[in-house]
$ cat my_file.cif   # mmCIF, N, CA and C atoms
data_protein
#
loop_
_atom_site.label_atom_id
_atom_site.label_comp_id
_atom_site.auth_asym_id
_atom_site.auth_seq_id
_atom_site.Cartn_x
_atom_site.Cartn_y
_atom_site.Cartn_z
N MET K 24 60.26 87.88 99.03
CA MET K 24 60.95 87.00 99.95
C MET K 24 62.39 86.82 99.47
N PRO K 25 63.37 86.92 100.37
CA PRO K 25 64.78 86.78 99.98
C PRO K 25 65.12 85.37 99.49
N ARG K 26 66.19 85.31 98.68
CA ARG K 26 66.69 84.01 98.21
C ARG K 26 67.18 83.19 99.39
N LYS K 27 67.27 81.89 99.20
CA LYS K 27 67.76 80.99 100.24
C LYS K 27 69.18 81.41 100.65
N GLY K 28 69.43 81.49 101.94
CA GLY K 28 70.73 81.89 102.44
C GLY K 28 70.89 83.39 102.61
N TYR K 29 69.86 84.14 102.28
CA TYR K 29 69.88 85.60 102.38
C TYR K 29 68.74 86.05 103.29
N THR K 30 68.85 87.27 103.77
CA THR K 30 67.79 87.88 104.55
C THR K 30 67.62 89.31 104.04
N SER K 31 66.59 89.95 104.43
CA SER K 31 66.40 91.33 103.99
C SER K 31 66.54 92.27 105.19
N VAL K 32 66.90 93.51 104.90
CA VAL K 32 66.99 94.54 105.92
C VAL K 32 66.32 95.80 105.40
N THR K 33 65.88 96.63 106.31
CA THR K 33 65.27 97.89 105.94
C THR K 33 66.30 98.99 106.18
N LEU K 34 66.54 99.77 105.14
CA LEU K 34 67.52 100.85 105.22
C LEU K 34 66.84 102.17 104.90
N PRO K 35 67.39 103.28 105.39
CA PRO K 35 66.81 104.58 105.05
C PRO K 35 66.85 104.80 103.53
N SER K 36 65.76 105.32 102.99
CA SER K 36 65.66 105.56 101.55
C SER K 36 66.79 106.43 101.03
N SER K 37 67.15 107.45 101.78
CA SER K 37 68.21 108.36 101.33
C SER K 37 69.55 107.62 101.19
N LEU K 38 69.81 106.69 102.07
CA LEU K 38 71.05 105.91 102.01
C LEU K 38 71.05 105.00 100.78
N VAL K 39 69.93 104.37 100.50
CA VAL K 39 69.81 103.50 99.33
C VAL K 39 69.95 104.32 98.06
N ARG K 40 69.33 105.49 98.00
CA ARG K 40 69.44 106.36 96.81
C ARG K 40 70.90 106.74 96.57
N GLU K 41 71.58 107.13 97.63
CA GLU K 41 72.98 107.53 97.51
C GLU K 41 73.84 106.36 97.05
N ALA K 42 73.58 105.17 97.59
CA ALA K 42 74.34 103.98 97.19
C ALA K 42 74.08 103.63 95.73
N ARG K 43 72.85 103.71 95.29
CA ARG K 43 72.53 103.42 93.88
C ARG K 43 73.19 104.43 92.95
N LYS K 44 73.24 105.68 93.38
CA LYS K 44 73.91 106.71 92.59
C LYS K 44 75.40 106.38 92.47
N LEU K 45 76.01 105.97 93.57
CA LEU K 45 77.41 105.58 93.57
C LEU K 45 77.66 104.40 92.63
N LEU K 46 76.76 103.44 92.62
CA LEU K 46 76.92 102.26 91.76
C LEU K 46 76.95 102.62 90.28
N LYS K 47 76.32 103.72 89.92
CA LYS K 47 76.28 104.16 88.52
C LYS K 47 77.51 104.99 88.14
N SER K 48 78.32 105.36 89.12
CA SER K 48 79.50 106.19 88.88
C SER K 48 80.71 105.30 88.63
N PRO K 49 81.80 105.87 88.11
CA PRO K 49 83.03 105.08 87.91
C PRO K 49 83.53 104.44 89.20
N THR K 50 83.35 105.12 90.31
CA THR K 50 83.79 104.57 91.60
C THR K 50 83.04 103.28 91.94
N GLY K 51 81.78 103.20 91.55
CA GLY K 51 80.96 102.05 91.90
C GLY K 51 81.00 100.91 90.90
N GLU K 52 81.79 101.06 89.83
CA GLU K 52 81.82 100.03 88.79
C GLU K 52 82.28 98.67 89.28
N ARG K 53 83.05 98.63 90.36
CA ARG K 53 83.56 97.34 90.83
C ARG K 53 82.49 96.48 91.51
N TYR K 54 81.34 97.08 91.80
CA TYR K 54 80.26 96.34 92.44
C TYR K 54 79.22 95.92 91.42
N ARG K 55 78.77 94.69 91.52
CA ARG K 55 77.75 94.18 90.60
C ARG K 55 76.35 94.59 91.02
N SER K 56 76.18 94.88 92.32
CA SER K 56 74.83 95.17 92.81
C SER K 56 74.88 95.92 94.13
N LEU K 57 73.72 96.43 94.52
CA LEU K 57 73.58 97.08 95.81
C LEU K 57 73.85 96.07 96.93
N THR K 58 73.43 94.84 96.72
CA THR K 58 73.65 93.79 97.71
C THR K 58 75.14 93.58 97.95
N GLU K 59 75.92 93.55 96.86
CA GLU K 59 77.36 93.35 96.99
C GLU K 59 78.01 94.52 97.73
N LEU K 60 77.61 95.74 97.41
CA LEU K 60 78.13 96.92 98.09
C LEU K 60 77.78 96.88 99.58
N ALA K 61 76.53 96.61 99.88
CA ALA K 61 76.10 96.58 101.28
C ALA K 61 76.80 95.47 102.06
N SER K 62 76.94 94.30 101.43
CA SER K 62 77.62 93.18 102.09
C SER K 62 79.06 93.53 102.42
N GLU K 63 79.77 94.14 101.46
CA GLU K 63 81.16 94.51 101.69
C GLU K 63 81.26 95.57 102.78
N ALA K 64 80.36 96.53 102.76
CA ALA K 64 80.38 97.59 103.77
C ALA K 64 80.15 97.00 105.17
N ILE K 65 79.22 96.09 105.29
CA ILE K 65 78.94 95.46 106.58
C ILE K 65 80.14 94.62 107.03
N GLU K 66 80.74 93.86 106.11
CA GLU K 66 81.91 93.07 106.46
C GLU K 66 83.05 93.95 106.96
N GLU K 67 83.29 95.06 106.26
CA GLU K 67 84.35 95.98 106.69
C GLU K 67 84.06 96.57 108.06
N LYS K 68 82.83 96.94 108.30
CA LYS K 68 82.46 97.51 109.59
C LYS K 68 82.62 96.46 110.70
N LEU K 69 82.25 95.22 110.42
CA LEU K 69 82.41 94.16 111.41
C LEU K 69 83.88 93.93 111.75
N GLU K 70 84.75 94.02 110.76
CA GLU K 70 86.18 93.89 111.02
C GLU K 70 86.66 94.98 111.95
N VAL K 71 86.18 96.21 111.74
CA VAL K 71 86.57 97.33 112.60
C VAL K 71 86.06 97.10 114.01
N ILE K 72 84.82 96.67 114.12
CA ILE K 72 84.23 96.45 115.45
C ILE K 72 84.95 95.32 116.19
N ARG K 73 85.29 94.26 115.47
CA ARG K 73 86.00 93.13 116.08
C ARG K 73 87.41 93.50 116.49
N GLY K 74 87.97 94.47 115.84
CA GLY K 74 89.34 94.89 116.11
C GLY K 74 90.15 94.84 114.84
N ALA K 75 91.02 95.78 114.71
CA ALA K 75 91.84 95.87 113.51
C ALA K 75 92.78 94.68 113.44
N SER K 76 92.93 94.17 112.23
CA SER K 76 93.86 93.06 112.03
C SER K 76 95.28 93.60 112.02
N ILE K 77 96.19 92.75 112.40
CA ILE K 77 97.60 93.13 112.40
C ILE K 77 98.13 92.93 110.99
N VAL K 78 98.73 93.97 110.47
CA VAL K 78 99.26 93.91 109.12
C VAL K 78 100.77 93.98 109.21
N SER K 79 101.42 93.01 108.60
CA SER K 79 102.87 93.07 108.56
C SER K 79 103.28 93.56 107.18
N THR K 80 104.36 94.30 107.15
CA THR K 80 104.84 94.80 105.86
C THR K 80 106.13 94.09 105.52
N ARG K 81 106.43 94.08 104.24
CA ARG K 81 107.67 93.46 103.80
C ARG K 81 108.49 94.51 103.07
N THR K 82 109.77 94.28 103.06
CA THR K 82 110.68 95.20 102.40
C THR K 82 110.95 94.70 100.99
N VAL K 83 110.66 95.54 100.02
CA VAL K 83 110.94 95.21 98.62
C VAL K 83 111.59 96.42 97.97
N GLN K 84 112.29 96.18 96.89
CA GLN K 84 112.91 97.26 96.13
C GLN K 84 111.82 98.16 95.56
N THR K 85 112.14 99.42 95.36
CA THR K 85 111.17 100.40 94.86
C THR K 85 110.56 99.96 93.53
N GLU K 86 111.37 99.49 92.61
CA GLU K 86 110.85 99.08 91.30
C GLU K 86 109.90 97.90 91.41
N GLU K 87 110.20 96.97 92.31
CA GLU K 87 109.32 95.82 92.52
C GLU K 87 107.99 96.29 93.12
N ALA K 88 108.06 97.20 94.10
CA ALA K 88 106.85 97.74 94.72
C ALA K 88 106.02 98.49 93.69
N LYS K 89 106.68 99.26 92.84
CA LYS K 89 105.98 100.01 91.78
C LYS K 89 105.25 99.04 90.86
N SER K 90 105.92 97.99 90.46
CA SER K 90 105.31 96.98 89.59
C SER K 90 104.12 96.30 90.29
N MET K 91 104.28 96.01 91.57
CA MET K 91 103.20 95.38 92.35
C MET K 91 101.98 96.28 92.39
N ILE K 92 102.21 97.58 92.61
CA ILE K 92 101.09 98.53 92.69
C ILE K 92 100.38 98.65 91.35
N ILE K 93 101.13 98.77 90.27
CA ILE K 93 100.52 98.87 88.94
C ILE K 93 99.72 97.60 88.63
N ASP K 94 100.30 96.43 88.91
CA ASP K 94 99.58 95.17 88.68
C ASP K 94 98.31 95.10 89.52
N TYR K 95 98.40 95.53 90.78
CA TYR K 95 97.23 95.52 91.66
C TYR K 95 96.11 96.37 91.09
N LEU K 96 96.46 97.58 90.64
CA LEU K 96 95.44 98.48 90.10
C LEU K 96 94.85 97.95 88.80
N LYS K 97 95.66 97.32 87.97
CA LYS K 97 95.16 96.75 86.72
C LYS K 97 94.24 95.55 86.99
N ASN K 98 94.59 94.76 87.99
CA ASN K 98 93.82 93.54 88.29
C ASN K 98 92.63 93.78 89.20
N ASN K 99 92.53 94.97 89.76
CA ASN K 99 91.43 95.33 90.66
C ASN K 99 90.85 96.65 90.21
N PRO K 100 90.04 96.64 89.13
CA PRO K 100 89.51 97.88 88.58
C PRO K 100 88.75 98.71 89.62
N GLY K 101 88.74 99.99 89.39
CA GLY K 101 88.03 100.89 90.29
C GLY K 101 89.01 101.74 91.07
N ALA K 102 88.48 102.53 91.96
CA ALA K 102 89.28 103.45 92.75
C ALA K 102 89.73 102.78 94.05
N HIS K 103 90.93 103.14 94.49
CA HIS K 103 91.50 102.54 95.70
C HIS K 103 92.20 103.61 96.53
N TYR K 104 92.11 103.47 97.83
CA TYR K 104 92.86 104.32 98.73
C TYR K 104 94.28 103.75 98.83
N PRO K 105 95.29 104.61 98.93
CA PRO K 105 96.65 104.10 99.10
C PRO K 105 96.78 103.16 100.31
N SER K 106 96.06 103.45 101.37
CA SER K 106 96.14 102.58 102.56
C SER K 106 95.62 101.18 102.26
N ASP K 107 94.58 101.08 101.42
CA ASP K 107 94.06 99.76 101.04
C ASP K 107 95.07 99.00 100.18
N ILE K 108 95.74 99.72 99.29
CA ILE K 108 96.77 99.10 98.46
C ILE K 108 97.89 98.58 99.35
N ALA K 109 98.34 99.41 100.28
CA ALA K 109 99.41 99.01 101.19
C ALA K 109 99.02 97.76 101.98
N ASP K 110 97.80 97.75 102.52
CA ASP K 110 97.34 96.59 103.28
C ASP K 110 97.26 95.34 102.42
N SER K 111 96.70 95.48 101.22
CA SER K 111 96.53 94.33 100.34
C SER K 111 97.85 93.73 99.89
N LEU K 112 98.83 94.59 99.65
CA LEU K 112 100.12 94.11 99.14
C LEU K 112 101.16 93.89 100.23
N GLY K 113 100.83 94.29 101.45
CA GLY K 113 101.79 94.13 102.55
C GLY K 113 102.97 95.08 102.43
N LEU K 114 102.71 96.25 101.85
CA LEU K 114 103.76 97.25 101.68
C LEU K 114 103.62 98.37 102.70
N ASP K 115 104.73 99.01 103.00
CA ASP K 115 104.73 100.14 103.91
C ASP K 115 103.91 101.28 103.28
N LEU K 116 103.06 101.91 104.08
CA LEU K 116 102.18 102.96 103.57
C LEU K 116 102.98 104.13 102.99
N ASP K 117 104.08 104.52 103.64
CA ASP K 117 104.89 105.62 103.12
C ASP K 117 105.45 105.29 101.74
N VAL K 118 105.84 104.04 101.54
CA VAL K 118 106.36 103.61 100.24
C VAL K 118 105.26 103.70 99.19
N VAL K 119 104.05 103.26 99.54
CA VAL K 119 102.93 103.32 98.59
C VAL K 119 102.61 104.77 98.24
N PHE K 120 102.60 105.66 99.23
CA PHE K 120 102.35 107.08 98.95
C PHE K 120 103.41 107.64 98.00
N GLU K 121 104.66 107.33 98.28
CA GLU K 121 105.76 107.83 97.44
C GLU K 121 105.62 107.34 96.00
N ILE K 122 105.33 106.06 95.84
CA ILE K 122 105.22 105.48 94.50
C ILE K 122 103.98 105.99 93.78
N THR K 123 102.85 106.09 94.48
CA THR K 123 101.64 106.57 93.81
C THR K 123 101.80 108.03 93.39
N GLN K 124 102.52 108.83 94.16
CA GLN K 124 102.79 110.21 93.75
C GLN K 124 103.61 110.23 92.46
N SER K 125 104.60 109.35 92.39
CA SER K 125 105.42 109.24 91.19
C SER K 125 104.59 108.79 89.99
N LEU K 126 103.71 107.82 90.21
CA LEU K 126 102.84 107.32 89.13
C LEU K 126 101.85 108.38 88.68
N LEU K 127 101.40 109.20 89.61
CA LEU K 127 100.51 110.32 89.25
C LEU K 127 101.25 111.33 88.39
N ARG K 128 102.48 111.67 88.80
CA ARG K 128 103.28 112.63 88.03
C ARG K 128 103.56 112.12 86.61
N ASP K 129 103.74 110.79 86.49
CA ASP K 129 104.04 110.17 85.19
C ASP K 129 102.77 109.84 84.40
N HIS K 130 101.61 110.21 84.95
CA HIS K 130 100.30 109.98 84.30
C HIS K 130 100.01 108.50 84.05
N ILE K 131 100.52 107.65 84.92
CA ILE K 131 100.25 106.21 84.82
C ILE K 131 98.96 105.88 85.57
N ILE K 132 98.69 106.64 86.63
CA ILE K 132 97.44 106.51 87.37
C ILE K 132 96.84 107.90 87.49
N GLU K 133 95.59 107.95 87.92
CA GLU K 133 94.95 109.25 88.09
C GLU K 133 94.19 109.28 89.40
N THR K 134 93.94 110.49 89.88
CA THR K 134 93.16 110.69 91.09
C THR K 134 91.71 110.89 90.68
N LYS K 135 90.82 110.19 91.33
CA LYS K 135 89.39 110.37 91.10
C LYS K 135 88.89 111.39 92.11
N THR K 136 88.10 112.32 91.67
CA THR K 136 87.58 113.35 92.56
C THR K 136 86.32 112.83 93.23
N THR K 137 86.41 112.64 94.52
CA THR K 137 85.27 112.28 95.36
C THR K 137 85.39 113.14 96.61
N SER K 138 84.70 112.76 97.65
CA SER K 138 84.85 113.52 98.88
C SER K 138 86.26 113.31 99.47
N GLU K 139 86.92 112.23 99.05
CA GLU K 139 88.29 111.95 99.46
C GLU K 139 89.07 111.54 98.22
N LYS K 140 90.39 111.66 98.26
CA LYS K 140 91.20 111.27 97.10
C LYS K 140 91.39 109.76 97.06
N VAL K 141 91.11 109.19 95.92
CA VAL K 141 91.37 107.78 95.67
C VAL K 141 92.10 107.70 94.34
N ILE K 142 92.80 106.59 94.12
CA ILE K 142 93.55 106.46 92.89
C ILE K 142 93.06 105.28 92.07
N GLU K 143 93.34 105.34 90.78
CA GLU K 143 92.84 104.34 89.85
C GLU K 143 93.81 104.25 88.68
N ALA K 144 93.96 103.05 88.13
CA ALA K 144 94.81 102.88 86.95
C ALA K 144 94.17 103.58 85.77
N ARG K 145 94.97 104.09 84.85
CA ARG K 145 94.43 104.74 83.64
C ARG K 145 94.06 103.69 82.65
#
$ encode --input "my_file.cif" --output "structure tokens"
Amino acid sequence: MPRKGYTSVTLPSSLVREARKLLKSPTGERYRSLTELASEAIEEKLEVIRGASIVSTRTVQTEEAKSMIIDYLKNNPGAHYPSDIADSLGLDLDVVFEITQSLLRDHIIETKTTSEKVIEAR
């Protein structure tokens, strides 16, 4: 029986196996449990279904943006998509791409090999 305030759902076994495998990988380190991963995934999907939120960007100097990105990656362990970094920090996506490419060249961050490219602080 689920804890108070929680409910249970039935998911395909293959999906649960894949999620548990992910949780054991470096990419999944930011999640404490399968429940946390599933909750976040459902929340993200609900946001998409409800409609994309409007994101405003701000103009900052390149060095300030670079510092913001490095701090974000240090304070949020795990792998991140550049688009998520841009959204979280309110930065222009092109600026984030440019800076992350520079940080990759300088070996300050690294690309994690998954089905898609994500970045992570070293």
$ atom_distance --input "my_file.cif" --atom1 "CA of Leu112 in chain K" --atom2 "atom N of Thr58 in chain K"
26.8 Å
$ atom_distance --input "my_file.cif" --atom1 "CA of Pro105 in chain K" --atom2 "atom N of Thr123 in chain K"
8.0 Å
$ select_by_dssp --input "my_file.cif" --residues "chain K" --states "strand (DSSP E or B)" --output "PDB file with N, CA and C atoms, in the frame of the given file"
ATOM      1  N   HIS K 103      90.930 103.140  94.490  1.00  0.00           N
ATOM      2  CA  HIS K 103      91.500 102.540  95.700  1.00  0.00           C
ATOM      3  C   HIS K 103      92.200 103.610  96.530  1.00  0.00           C
ATOM      4  N   ILE K 132      98.690 106.640  86.630  1.00  0.00           N
ATOM      5  CA  ILE K 132      97.440 106.510  87.370  1.00  0.00           C
ATOM      6  C   ILE K 132      96.840 107.900  87.490  1.00  0.00           C
ATOM      7  N   GLU K 133      95.590 107.950  87.920  1.00  0.00           N
ATOM      8  CA  GLU K 133      94.950 109.250  88.090  1.00  0.00           C
ATOM      9  C   GLU K 133      94.190 109.280  89.400  1.00  0.00           C
ATOM     10  N   THR K 134      93.940 110.490  89.880  1.00  0.00           N
ATOM     11  CA  THR K 134      93.160 110.690  91.090  1.00  0.00           C
ATOM     12  C   THR K 134      91.710 110.890  90.680  1.00  0.00           C
ATOM     13  N   LYS K 135      90.820 110.190  91.330  1.00  0.00           N
ATOM     14  CA  LYS K 135      89.390 110.370  91.100  1.00  0.00           C
ATOM     15  C   LYS K 135      88.890 111.390  92.110  1.00  0.00           C
ATOM     16  N   VAL K 141      91.110 109.190  95.920  1.00  0.00           N
ATOM     17  CA  VAL K 141      91.370 107.780  95.670  1.00  0.00           C
ATOM     18  C   VAL K 141      92.100 107.700  94.340  1.00  0.00           C
ATOM     19  N   ILE K 142      92.800 106.590  94.120  1.00  0.00           N
ATOM     20  CA  ILE K 142      93.550 106.460  92.890  1.00  0.00           C
ATOM     21  C   ILE K 142      93.060 105.280  92.070  1.00  0.00           C
ATOM     22  N   GLU K 143      93.340 105.340  90.780  1.00  0.00           N
ATOM     23  CA  GLU K 143      92.840 104.340  89.850  1.00  0.00           C
ATOM     24  C   GLU K 143      93.810 104.250  88.680  1.00  0.00           C
ATOM     25  N   ALA K 144      93.960 103.050  88.130  1.00  0.00           N
ATOM     26  CA  ALA K 144      94.810 102.880  86.950  1.00  0.00           C
ATOM     27  C   ALA K 144      94.170 103.580  85.770  1.00  0.00           C
TER      28      ALA K 144
END
$ resolve_selection --input "my_file.cif" --expression "the PyMOL selection byres (((chain K and resi 94 and name CA) around 12) and name CA)" --output "PyMOL selection string"
chain K and resi 87-93+95-100+108+112+131-132+143-145
$ atom_distance --input "my_file.cif" --atom1 "CA of Thr50 in chain K" --atom2 "CA of Thr85 in chain K"
27.9 Å
$ select_by_dssp --input "my_file.cif" --residues "chain K" --states "helix (DSSP H, G or I)" --output "VMD selection string"
chain K and resid 36 to 46 49 to 53 57 to 73 85 to 98 105 to 112 116 to 128
$ residues_around --input "my_file.cif" --residues "range 79-84 of chain K" --least-positions-apart "6" --cutoff "6.5 Å" --atoms "all atoms listed in the file" --output "list in words"
Gly113, Leu114 and Asp115 of chain K
$ closest_residue --input "my_file.cif" --among "K:Lys135, K:Arg26, K:His130, K:Lys44" --to "Ser56 in chain K" --atoms "only C-alpha atoms"
K:Lys44
